[in-house]
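structure33.tsv follows; it contains TSV, C-alpha atoms.
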chain	number	residue	atom	x	y	z
A	5	MET	CA	13.92	-33.84	-2.74
A	6	PRO	CA	11.84	-31.15	-0.96
A	7	ASP	CA	10.33	-28.21	-2.77
A	8	ARG	CA	12.47	-25.08	-2.38
A	9	VAL	CA	10.89	-21.66	-1.85
A	10	LEU	CA	12.91	-18.47	-2.40
A	11	ILE	CA	12.11	-15.50	-0.13
A	12	VAL	CA	13.18	-12.05	-1.23
A	13	ASP	CA	13.69	-8.60	0.34
A	14	VAL	CA	12.21	-9.13	3.81
A	15	PRO	CA	13.77	-6.82	6.43
A	16	TRP	CA	13.55	-9.27	9.33
A	17	ASP	CA	16.13	-11.92	10.19
A	18	ASP	CA	13.82	-14.45	11.83
A	19	LEU	CA	11.99	-16.61	9.28
A	20	SER	CA	10.43	-19.02	11.79
A	21	LEU	CA	6.83	-18.09	10.96
A	22	GLU	CA	7.37	-18.64	7.25
A	23	ARG	CA	9.24	-21.89	7.81
A	24	ALA	CA	6.53	-23.21	10.13
A	25	GLU	CA	3.92	-22.88	7.39
A	26	LEU	CA	6.12	-24.38	4.67
A	27	GLU	CA	7.29	-27.29	6.81
A	28	LYS	CA	3.69	-28.47	6.92
A	29	VAL	CA	4.10	-29.50	3.27
A	30	GLY	CA	7.76	-30.49	3.57
A	31	ALA	CA	9.08	-27.42	1.75
A	32	GLU	CA	12.43	-25.75	2.36
A	33	LEU	CA	12.77	-21.96	2.65
A	34	VAL	CA	15.83	-20.22	1.14
A	35	ARG	CA	16.67	-16.54	1.60
A	36	ALA	CA	17.96	-14.68	-1.48
A	37	SER	CA	21.48	-13.31	-0.99
A	38	ALA	CA	20.60	-10.05	-2.79
A	39	ASN	CA	17.59	-8.42	-4.43
A	40	ASP	CA	18.91	-7.46	-7.85
A	41	PRO	CA	17.40	-9.22	-10.91
A	42	ALA	CA	20.61	-11.02	-11.87
A	43	THR	CA	21.02	-12.56	-8.42
A	44	LEU	CA	17.35	-13.52	-8.22
A	45	ALA	CA	17.42	-15.09	-11.68
A	46	ARG	CA	20.40	-17.20	-10.62
A	47	GLU	CA	19.12	-18.23	-7.19
A	48	ILE	CA	15.55	-18.97	-8.22
A	49	VAL	CA	16.68	-21.83	-10.49
A	50	GLY	CA	15.25	-25.07	-9.10
A	51	CYS	CA	12.79	-23.29	-6.81
A	52	SER	CA	9.10	-24.13	-6.80
A	53	ALA	CA	7.76	-20.80	-5.52
A	54	LEU	CA	8.69	-17.24	-4.65
A	55	LEU	CA	7.79	-15.08	-1.64
A	56	THR	CA	8.36	-11.37	-2.34
A	57	ASP	CA	7.66	-8.04	-0.70
A	58	TRP	CA	8.70	-4.96	-2.73
A	59	THR	CA	11.54	-5.96	-5.09
A	60	PRO	CA	10.66	-5.75	-8.81
A	61	ILE	CA	10.10	-9.22	-10.26
A	62	PRO	CA	10.68	-8.98	-14.03
A	63	ALA	CA	10.03	-11.61	-16.68
A	64	ALA	CA	13.67	-12.80	-16.59
A	65	VAL	CA	13.35	-13.85	-12.94
A	66	LEU	CA	10.04	-15.62	-13.53
A	67	GLU	CA	11.44	-17.44	-16.57
A	68	ALA	CA	14.48	-18.64	-14.60
A	69	GLY	CA	12.40	-20.18	-11.82
A	70	GLY	CA	10.80	-23.57	-11.69
A	71	ASP	CA	11.50	-27.13	-10.65
A	72	ARG	CA	11.29	-30.63	-12.10
A	73	ASP	CA	7.55	-30.20	-12.58
A	74	GLY	CA	7.80	-27.05	-14.67
A	75	PRO	CA	7.57	-23.30	-14.04
A	76	LEU	CA	7.17	-21.70	-10.63
A	77	ARG	CA	4.01	-22.93	-8.96
A	78	LEU	CA	3.31	-19.63	-7.20
A	79	VAL	CA	4.55	-16.10	-6.66
A	80	ALA	CA	3.14	-14.82	-3.37
A	81	ARG	CA	3.20	-11.08	-2.74
A	82	MET	CA	3.73	-10.29	0.93
A	83	GLY	CA	1.38	-7.33	0.81
A	84	THR	CA	-1.37	-5.77	-1.25
A	85	GLY	CA	-0.12	-4.24	-4.51
A	86	VAL	CA	1.38	-6.23	-7.36
A	87	ASP	CA	2.53	-3.37	-9.61
A	88	HIS	CA	6.17	-4.50	-9.19
A	89	ILE	CA	5.52	-8.01	-10.56
A	90	ASP	CA	5.40	-8.65	-14.31
A	91	LEU	CA	1.89	-10.10	-14.31
A	92	ALA	CA	1.75	-10.46	-18.10
A	93	ALA	CA	4.88	-12.63	-18.04
A	94	ALA	CA	3.50	-14.65	-15.13
A	95	ALA	CA	0.28	-15.33	-17.05
A	96	ARG	CA	2.22	-16.25	-20.18
A	97	LEU	CA	4.34	-18.71	-18.22
A	98	GLY	CA	1.36	-20.14	-16.36
A	99	ILE	CA	2.57	-18.90	-12.96
A	100	PRO	CA	-0.23	-17.99	-10.52
A	101	VAL	CA	0.27	-14.89	-8.39
A	102	THR	CA	-1.37	-14.19	-5.03
A	103	ARG	CA	-1.60	-11.11	-2.87
A	104	LEU	CA	-3.27	-9.92	0.35
A	105	PRO	CA	-5.99	-7.44	-0.73
A	106	ASP	CA	-7.47	-7.36	2.75
A	107	TYR	CA	-4.12	-6.94	4.51
A	108	CYS	CA	-3.58	-4.08	7.02
A	109	VAL	CA	-6.97	-2.50	6.27
A	110	GLU	CA	-7.46	-1.61	9.93
A	111	GLU	CA	-3.98	-0.14	10.33
A	112	VAL	CA	-4.11	1.98	7.16
A	113	ALA	CA	-7.59	3.26	7.99
A	114	ASP	CA	-6.39	4.19	11.49
A	115	HIS	CA	-3.34	5.95	10.03
A	116	THR	CA	-5.48	7.90	7.58
A	117	LEU	CA	-7.59	9.28	10.42
A	118	ALA	CA	-4.45	9.95	12.48
A	119	LEU	CA	-3.00	12.11	9.70
A	120	LEU	CA	-6.31	13.89	9.18
A	121	LEU	CA	-6.79	14.65	12.88
A	122	ALA	CA	-3.16	15.73	13.31
A	123	ILE	CA	-3.53	18.18	10.41
A	124	ARG	CA	-6.93	19.58	11.35
A	125	ARG	CA	-5.96	20.01	15.04
A	126	ARG	CA	-2.33	21.06	14.34
A	127	VAL	CA	-1.12	18.40	16.75
A	128	VAL	CA	2.42	18.11	15.36
A	129	GLU	CA	3.06	21.84	15.16
A	130	ASP	CA	1.71	22.63	18.60
A	131	ALA	CA	3.52	19.74	20.28
A	132	ALA	CA	6.76	20.95	18.67
A	133	ALA	CA	6.07	24.49	19.89
A	134	VAL	CA	5.68	23.29	23.47
A	135	ARG	CA	8.99	21.42	23.21
A	136	ARG	CA	10.57	24.72	22.15
A	137	GLY	CA	9.21	26.35	25.30
A	138	GLU	CA	6.32	28.16	23.61
A	139	TRP	CA	2.88	28.28	25.22
A	140	GLU	CA	0.70	30.56	23.15
A	141	GLU	CA	-2.58	30.05	21.33
A	142	VAL	CA	-1.15	31.33	18.07
A	143	HIS	CA	-2.97	28.91	15.75
A	144	VAL	CA	-6.56	29.47	16.80
A	145	GLY	CA	-7.58	31.02	13.48
A	146	ASP	CA	-6.25	28.03	11.54
A	147	LEU	CA	-8.28	25.40	13.38
A	148	ARG	CA	-11.56	24.09	12.00
A	149	ARG	CA	-14.33	22.03	13.50
A	150	LEU	CA	-14.44	18.53	11.98
A	151	ARG	CA	-18.21	18.14	11.99
A	152	GLY	CA	-19.65	19.20	8.67
A	153	ASN	CA	-16.41	18.71	6.70
A	154	VAL	CA	-16.67	16.69	3.49
A	155	LEU	CA	-14.21	13.80	3.15
A	156	GLY	CA	-13.71	12.44	-0.37
A	157	LEU	CA	-12.29	8.92	-0.76
A	158	ILE	CA	-10.77	8.14	-4.16
A	159	GLY	CA	-10.49	4.41	-4.85
A	160	PHE	CA	-13.39	3.29	-2.68
A	161	GLY	CA	-12.52	-0.26	-1.65
A	162	ARG	CA	-11.88	-2.13	1.59
A	163	THR	CA	-9.61	0.48	3.14
A	164	ALA	CA	-11.66	3.48	2.07
A	165	ALA	CA	-14.78	1.84	3.49
A	166	ALA	CA	-12.95	1.38	6.80
A	167	VAL	CA	-11.89	5.05	6.74
A	168	ARG	CA	-15.53	6.05	6.16
A	169	GLU	CA	-16.62	3.96	9.14
A	170	ARG	CA	-14.14	5.82	11.34
A	171	ALA	CA	-14.90	9.28	9.94
A	172	LEU	CA	-18.68	9.23	10.31
A	173	PRO	CA	-18.72	9.49	14.12
A	174	PHE	CA	-16.63	12.67	13.84
A	175	GLY	CA	-19.41	14.24	11.78
A	176	PHE	CA	-17.83	14.05	8.33
A	177	THR	CA	-19.95	13.85	5.21
A	178	VAL	CA	-18.22	11.13	3.18
A	179	LEU	CA	-18.11	10.83	-0.60
A	180	GLY	CA	-16.70	7.86	-2.50
A	181	GLU	CA	-15.36	7.35	-6.00
A	182	ASN	CA	-14.19	4.31	-7.94
A	183	ARG	CA	-14.38	2.91	-11.46
A	184	THR	CA	-17.62	1.00	-10.94
A	185	GLY	CA	-19.55	3.20	-8.54
A	186	ASP	CA	-19.82	0.26	-6.11
A	187	ASP	CA	-20.32	1.45	-2.52
A	188	ARG	CA	-19.45	-2.04	-1.16
A	189	GLY	CA	-22.78	-2.16	0.60
A	190	THR	CA	-21.92	0.77	2.87
A	191	GLY	CA	-24.49	3.29	1.65
A	192	CYS	CA	-21.70	5.76	0.89
A	193	GLU	CA	-22.65	8.52	-1.55
A	194	MET	CA	-20.75	7.66	-4.74
A	195	VAL	CA	-19.98	10.51	-7.12
A	196	ALA	CA	-17.82	11.25	-10.16
A	197	ARG	CA	-14.27	12.35	-9.42
A	198	ALA	CA	-14.86	15.92	-10.63
A	199	GLU	CA	-17.73	16.36	-8.19
A	200	LEU	CA	-15.74	14.78	-5.36
A	201	LEU	CA	-12.85	17.19	-5.88
A	202	GLU	CA	-15.15	20.21	-6.02
A	203	ARG	CA	-17.04	19.30	-2.84
A	204	SER	CA	-14.39	17.77	-0.58
A	205	ASP	CA	-12.59	19.61	2.21
A	206	VAL	CA	-10.29	16.59	2.53
A	207	VAL	CA	-9.35	14.24	-0.33
A	208	SER	CA	-7.84	10.87	0.61
A	209	LEU	CA	-6.25	8.53	-1.93
A	210	HIS	CA	-6.85	4.77	-1.72
A	211	ALA	CA	-6.43	3.72	-5.36
A	212	PRO	CA	-4.00	1.09	-6.65
A	213	LEU	CA	-1.03	2.18	-8.75
A	214	SER	CA	-1.42	1.40	-12.44
A	215	ALA	CA	-0.72	2.98	-15.82
A	216	GLU	CA	-4.05	4.78	-15.51
A	217	THR	CA	-3.50	6.13	-11.97
A	218	ALA	CA	0.23	6.95	-12.08
A	219	ARG	CA	0.70	10.62	-11.10
A	220	MET	CA	-3.01	11.25	-11.39
A	221	VAL	CA	-2.65	13.97	-8.75
A	222	ASP	CA	-1.13	16.54	-11.08
A	223	ALA	CA	-1.61	20.27	-11.53
A	224	ALA	CA	-4.95	19.79	-13.29
A	225	PHE	CA	-6.25	17.49	-10.53
A	226	LEU	CA	-5.18	19.96	-7.84
A	227	ALA	CA	-6.77	22.87	-9.68
A	228	ARG	CA	-10.13	21.10	-9.51
A	229	MET	CA	-9.90	20.67	-5.72
A	230	LYS	CA	-11.66	23.07	-3.38
A	231	PRO	CA	-9.27	25.93	-2.48
A	232	GLY	CA	-7.73	25.31	0.93
A	233	ALA	CA	-8.46	21.57	0.91
A	234	VAL	CA	-6.29	18.88	2.50
A	235	LEU	CA	-4.75	15.98	0.54
A	236	LEU	CA	-3.93	12.59	2.11
A	237	ASN	CA	-2.07	9.71	0.50
A	238	VAL	CA	-1.56	6.38	2.30
A	239	ALA	CA	-1.87	4.26	-0.84
A	240	ARG	CA	0.97	4.48	-3.39
A	241	GLY	CA	3.54	7.24	-3.72
A	242	GLY	CA	3.34	7.06	-7.50
A	243	LEU	CA	-0.23	8.38	-7.44
A	244	ILE	CA	0.98	11.95	-6.95
A	245	ASP	CA	3.24	14.35	-8.78
A	246	ALA	CA	5.27	15.59	-5.81
A	247	ASP	CA	6.37	18.76	-7.61
A	248	ALA	CA	2.76	19.68	-8.40
A	249	VAL	CA	1.69	19.03	-4.79
A	250	LEU	CA	4.55	21.17	-3.50
A	251	ALA	CA	3.54	23.99	-5.84
A	252	ALA	CA	-0.07	23.76	-4.62
A	253	LEU	CA	1.10	24.02	-1.00
A	254	GLU	CA	3.30	27.00	-1.78
A	255	SER	CA	0.48	28.81	-3.62
A	256	GLY	CA	-2.03	28.10	-0.84
A	257	ARG	CA	-4.22	26.01	-3.11
A	258	LEU	CA	-3.69	23.15	-0.63
A	259	ALA	CA	-3.94	23.90	3.07
A	260	ALA	CA	-1.91	20.83	4.05
A	261	VAL	CA	-0.93	17.33	3.02
A	262	GLY	CA	-0.52	14.09	4.94
A	263	LEU	CA	1.65	11.48	3.23
A	264	ASP	CA	2.83	8.01	4.19
A	265	VAL	CA	4.25	7.04	0.79
A	266	PHE	CA	6.56	8.48	-1.88
A	267	GLU	CA	7.29	7.38	-5.42
A	268	SER	CA	10.86	6.60	-4.35
A	269	GLU	CA	11.51	5.60	-0.76
A	270	PRO	CA	13.37	7.19	0.87
A	271	PRO	CA	12.59	10.28	-1.28
A	272	GLY	CA	16.28	10.81	-2.11
A	273	GLU	CA	19.62	9.04	-1.67
A	274	ARG	CA	20.60	11.16	1.36
A	275	PRO	CA	18.42	13.19	3.76
A	276	GLU	CA	19.81	16.41	2.31
A	277	ASP	CA	18.63	15.24	-1.13
A	278	TRP	CA	15.07	14.41	-0.08
A	279	HIS	CA	12.25	16.05	-1.98
A	280	PRO	CA	11.44	19.43	-0.38
A	281	LEU	CA	7.82	18.34	0.06
A	282	VAL	CA	9.01	16.15	2.97
A	283	ARG	CA	10.04	19.15	5.06
A	284	HIS	CA	7.33	21.59	4.07
A	285	PRO	CA	5.84	23.16	7.22
A	286	ARG	CA	2.30	22.20	6.15
A	287	ALA	CA	3.15	18.60	5.32
A	288	ILE	CA	3.02	15.68	7.76
A	289	VAL	CA	5.07	12.82	6.34
A	290	THR	CA	5.47	9.36	7.86
A	291	PRO	CA	7.98	6.77	6.54
A	292	HIS	CA	5.59	4.21	5.00
A	293	THR	CA	4.41	3.00	8.38
A	294	ALA	CA	0.63	3.06	7.86
A	295	PHE	CA	0.56	-0.75	7.57
A	296	LEU	CA	2.48	-1.45	10.76
A	297	SER	CA	1.25	-3.15	13.90
A	298	ARG	CA	2.32	-6.24	15.79
A	299	GLU	CA	-0.66	-8.06	14.36
A	300	SER	CA	-0.06	-6.97	10.77
A	301	LEU	CA	3.59	-8.10	10.86
A	302	VAL	CA	2.52	-11.60	11.85
A	303	GLU	CA	-0.12	-11.62	9.13
A	304	ILE	CA	2.20	-10.40	6.35
A	305	ARG	CA	4.56	-13.28	7.10
A	306	ALA	CA	2.27	-16.21	7.81
A	307	ARG	CA	-0.48	-15.75	5.23
A	308	PRO	CA	1.69	-15.58	2.06
A	309	ALA	CA	3.68	-18.59	3.30
A	310	ARG	CA	0.37	-20.40	3.78
A	311	GLN	CA	-0.62	-19.47	0.21
A	312	VAL	CA	2.61	-21.04	-1.05
A	313	ALA	CA	2.09	-24.15	1.08
A	314	ASP	CA	-1.42	-24.55	-0.33
A	315	ALA	CA	-0.19	-24.22	-3.91
A	316	LEU	CA	2.61	-26.76	-3.38
A	317	ALA	CA	0.07	-29.18	-1.90
A	318	GLY	CA	-2.24	-28.75	-4.88
A	319	ARG	CA	-4.78	-26.70	-2.93
A	320	ARG	CA	-6.14	-23.51	-4.42
A	321	PRO	CA	-4.56	-20.60	-2.49
A	322	GLU	CA	-6.56	-17.57	-1.39
A	323	HIS	CA	-6.55	-14.26	-3.26
A	324	LEU	CA	-5.29	-15.24	-6.70
A	325	VAL	CA	-4.68	-12.15	-8.82
A	326	ASP	CA	-5.86	-13.99	-11.94
A	327	PRO	CA	-7.74	-17.19	-11.05
A	328	THR	CA	-7.76	-18.33	-14.68
A	329	VAL	CA	-3.98	-18.86	-14.55
A	330	TRP	CA	-4.43	-21.26	-11.64
A	331	GLU	CA	-7.30	-23.04	-13.34
A	332	ARG	CA	-5.39	-23.52	-16.60
A	333	ARG	CA	-2.41	-24.89	-14.74
A	334	GLU	CA	-4.52	-27.29	-12.70
A	335	THR	CA	-6.31	-28.49	-15.84
A	336	THR	CA	-2.95	-29.18	-17.49
A	337	ARG	CA	-1.59	-30.93	-14.40
A	338	ARG	CA	-4.55	-33.27	-14.17
A	339	SER	CA	-4.67	-34.16	-17.87

How does this structure look as structure tokens?
Amino acid sequence: MPDRVLIVDVPWDDLSLERAELEKVGAELVRASANDPATLAREIVGCSALLTDWTPIPAAVLEAGGDRDGPLRLVARMGTGVDHIDLAAAARLGIPVTRLPDYCVEEVADHTLALLLAIRRRVVEDAAAVRRGEWEEVHVGDLRRLRGNVLGLIGFGRTAAAVRERALPFGFTVLGENRTGDDRGTGCEMVARAELLERSDVVSLHAPLSAETARMVDAAFLARMKPGAVLLNVARGGLIDADAVLAALESGRLAAVGLDVFESEPPGERPEDWHPLVRHPRAIVTPHTAFLSRESLVEIRARPARQVADALAGRRPEHLVDPTVWERRETTRRS
């Protein structure tokens, strides 16, 4: 009987890329009929692995999975963050989890610069004015030269390093901040967060979402920023307190914001219920599209399926969240 792999919450109908990878190890791909925990817990019974994008995967779903050889052999996240997967339960059950930490780095870095340039050059506002039939240089006093601006990158990892690479030719001075002070070999000036906020004309968020970083951009954080600074967030919506950011825009503390993510997406059940930050005249908001490109959509489908295929074949998959879980499981399997 072939191994069965459950795939959850993907928005595309065609699963040929995923199936092509899994067929190499004789595995069968099954699409979940719904994304709620009760349905997943029922349909994951007898499955050897799970492919998931954004749906929360609680302990009950992990406990229900598994085949004749024991618990699930892998949970593969089709993306970067794993804050929606119960990692403690996975470790307790001996279920390895993988992710794609280097996924869509180029796209997100490009999008970060696109938001920054659109804000600093008022591209969106002026293009809208022309569509309304206006042709006046009414924003000249609001525009600033990019060269000499300080760009602060919070959560200096792969993506932030790629943003720095793109920003330097524009003449930005770039500061980085992370827990370890590691500049990833880039030579970036690494500083404490307080100093970064005080010095930066633009602050861009690239940190993962965790208990420590949830809503870290609150009123106190914003009060430490340079008056008239710009805030960008292409990482996780839960990093910011949207009400506090809105208040900072209204008071003039923030000059503008560029956002690609919200804590809840969409940011309200109906457009009329969306958070007012979305429609603020000094906010540019995109609908969680920073990761998108033709190339990234192929990658997000094929690579996690390949991770699952490797695990089912007994090969160590790339990018294990906790390698010790895989090692313990392999030790037990071989004994």

Counting only C-alpha atoms, the residue among A:Ala122, A:Ala315, A:Ala64, A:Leu55 that lies closest to Val261 in chain A is A:Ala122

Please list as a VMD selection string every residue within 9 Å of range 203-210 of chain A, counting only C-alpha atoms and excluding residues in the same chain fewer than 3 positions away.
chain A and resid 116 120 153 to 161 163 to 164 177 to 179 198 to 200 229 to 240 243

Which polymer residues have any atom within 9 Å of an atom of Phe295 in chain A, counting all atoms listed in the file, with same-chain residues fewer than 2 positions away left out, as number ranges by chain?
A: 107-112, 115, 292-293, 297, 300-301

Kindly give the distance, in Å, that separates CA of Arg72 in chain A and CA of Ala92 in chain A, rounded to a single decimal.
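Separation between CA of Arg72 in chain A and CA of Ala92 in chain A: 23.1 Å.
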
Please determine the residues with any atom at most 9 Å from (10.0, -19.0, -4.8) (coordinates as given in the file, with all atoms listed in the file counting) and report them as a PDB file with C-alpha atoms, in the coordinates of the input.
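File out07.pdb, as written:
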ATOM      1  CA  ARG A   8      12.470 -25.080  -2.380  1.00  0.00           C
ATOM      2  CA  VAL A   9      10.890 -21.660  -1.850  1.00  0.00           C
ATOM      3  CA  LEU A  10      12.910 -18.470  -2.400  1.00  0.00           C
ATOM      4  CA  ILE A  11      12.110 -15.500  -0.130  1.00  0.00           C
ATOM      5  CA  VAL A  12      13.180 -12.050  -1.230  1.00  0.00           C
ATOM      6  CA  LEU A  33      12.770 -21.960   2.650  1.00  0.00           C
ATOM      7  CA  VAL A  34      15.830 -20.220   1.140  1.00  0.00           C
ATOM      8  CA  ILE A  48      15.550 -18.970  -8.220  1.00  0.00           C
ATOM      9  CA  CYS A  51      12.790 -23.290  -6.810  1.00  0.00           C
ATOM     10  CA  SER A  52       9.100 -24.130  -6.800  1.00  0.00           C
ATOM     11  CA  ALA A  53       7.760 -20.800  -5.520  1.00  0.00           C
ATOM     12  CA  LEU A  54       8.690 -17.240  -4.650  1.00  0.00           C
ATOM     13  CA  LEU A  55       7.790 -15.080  -1.640  1.00  0.00           C
ATOM     14  CA  THR A  56       8.360 -11.370  -2.340  1.00  0.00           C
ATOM     15  CA  GLY A  69      12.400 -20.180 -11.820  1.00  0.00           C
ATOM     16  CA  GLY A  70      10.800 -23.570 -11.690  1.00  0.00           C
ATOM     17  CA  LEU A  76       7.170 -21.700 -10.630  1.00  0.00           C
ATOM     18  CA  ARG A  77       4.010 -22.930  -8.960  1.00  0.00           C
ATOM     19  CA  LEU A  78       3.310 -19.630  -7.200  1.00  0.00           C
ATOM     20  CA  VAL A  79       4.550 -16.100  -6.660  1.00  0.00           C
ATOM     21  CA  ALA A  80       3.140 -14.820  -3.370  1.00  0.00           C
ATOM     22  CA  VAL A 312       2.610 -21.040  -1.050  1.00  0.00           C
TER      23      VAL A 312
END

Could you name the residues that touch Asp247 in chain A at 10 Å or less, counting all atoms listed in the file, but leaving out those on the same chain fewer than 3 positions away, as a PyMOL selection string?
chain A and resi 222-223+244+250-253+279-281

Please provide as a PyMOL selection string all residues within 12 Å of Pro173 in chain A, with the sequence filter that same-chain residues fewer than 6 positions apart are discarded (counting only C-alpha atoms).
chain A and resi 117+150-152+167

Could you check how far CA of Arg149 in chain A sits from CA of Val127 in chain A, in Å to one decimal?
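The value is 14.1 Å.
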
Taking (2.9, 6.4, -6.9) in the file's coordinates, which residues come within 12 Å, counting only C-alpha atoms, written as a PyMOL selection string?
chain A and resi 85+87-88+209-222+237-246+263-269+271

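The space separating CA of Asp13 in chain A from CA of Gly83 in chain A comes to 12.4 Å.
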
From the list A:Thr84, A:Thr190, A:Thr328, A:Thr43, which residue is nearest Pro105 in chain A when using all atoms listed in the file?
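The answer is A:Thr84, which sits nearest to Pro105 in chain A.
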
Skipping near chain neighbours, those fewer than 3 positions away, what residues fall within 7 Å of Arg305 in chain A using only C-alpha atoms, listed as an MDAnalysis selection string?
chainID A and resid 21:22 82 301:302 308:309

Please produce a file of those selected residues containing C-alpha atoms, as an mmCIF file, in the frame of the given file.
data_model
loop_
_atom_site.group_PDB
_atom_site.id
_atom_site.type_symbol
_atom_site.label_atom_id
_atom_site.label_comp_id
_atom_site.auth_asym_id
_atom_site.auth_seq_id
_atom_site.Cartn_x
_atom_site.Cartn_y
_atom_site.Cartn_z
ATOM 1 C CA LEU A 21 6.830 -18.090 10.960
ATOM 2 C CA GLU A 22 7.370 -18.640 7.250
ATOM 3 C CA MET A 82 3.730 -10.290 0.930
ATOM 4 C CA LEU A 301 3.590 -8.100 10.860
ATOM 5 C CA VAL A 302 2.520 -11.600 11.850
ATOM 6 C CA PRO A 308 1.690 -15.580 2.060
ATOM 7 C CA ALA A 309 3.680 -18.590 3.300
#

Counting only C-alpha atoms, which of A:Leu26, A:Ile304, A:Ala94, A:Leu19 gets nearest to Asp57 in chain A?
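Using only C-alpha atoms, Asp57 in chain A sits closest to A:Ile304.
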
Tell me, counting all atoms listed in the file, for each residue of range 49-156 of chain A within 12 Å of range 255-260 of chain A, which pair of atoms is nearest and how far apart they are in Å to one decimal, in rows ordered by chain and increasing number, as a Markdown table.
| residue | atom | partner | partner_atom | distance |
| --- | --- | --- | --- | --- |
| A:Leu119 | CA | A:Ala260 | CA | 10.4 |
| A:Leu120 | CA | A:Ala260 | CA | 9.7 |
| A:Leu121 | CA | A:Ala260 | CA | 11.8 |
| A:Ala122 | CA | A:Ala260 | CA | 10.6 |
| A:Ile123 | CA | A:Ala260 | CA | 7.1 |
| A:Arg124 | CA | A:Ala260 | CA | 8.9 |
| A:Arg125 | CA | A:Ala260 | CA | 11.7 |
| A:Arg126 | CA | A:Ala260 | CA | 10.3 |
| A:Asp146 | CA | A:Ala259 | CA | 9.7 |
| A:Leu147 | CA | A:Ala259 | CA | 11.3 |
| A:Arg148 | CA | A:Ala259 | CA | 11.7 |

Selection to disk with C-alpha atoms, as a PDB file, keeping the file's coordinate frame:
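Generated file (again30.pdb):
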ATOM      1  CA  LEU A 119      -3.000  12.110   9.700  1.00  0.00           C
ATOM      2  CA  LEU A 120      -6.310  13.890   9.180  1.00  0.00           C
ATOM      3  CA  LEU A 121      -6.790  14.650  12.880  1.00  0.00           C
ATOM      4  CA  ALA A 122      -3.160  15.730  13.310  1.00  0.00           C
ATOM      5  CA  ILE A 123      -3.530  18.180  10.410  1.00  0.00           C
ATOM      6  CA  ARG A 124      -6.930  19.580  11.350  1.00  0.00           C
ATOM      7  CA  ARG A 125      -5.960  20.010  15.040  1.00  0.00           C
ATOM      8  CA  ARG A 126      -2.330  21.060  14.340  1.00  0.00           C
ATOM      9  CA  ASP A 146      -6.250  28.030  11.540  1.00  0.00           C
ATOM     10  CA  LEU A 147      -8.280  25.400  13.380  1.00  0.00           C
ATOM     11  CA  ARG A 148     -11.560  24.090  12.000  1.00  0.00           C
TER      12      ARG A 148
END
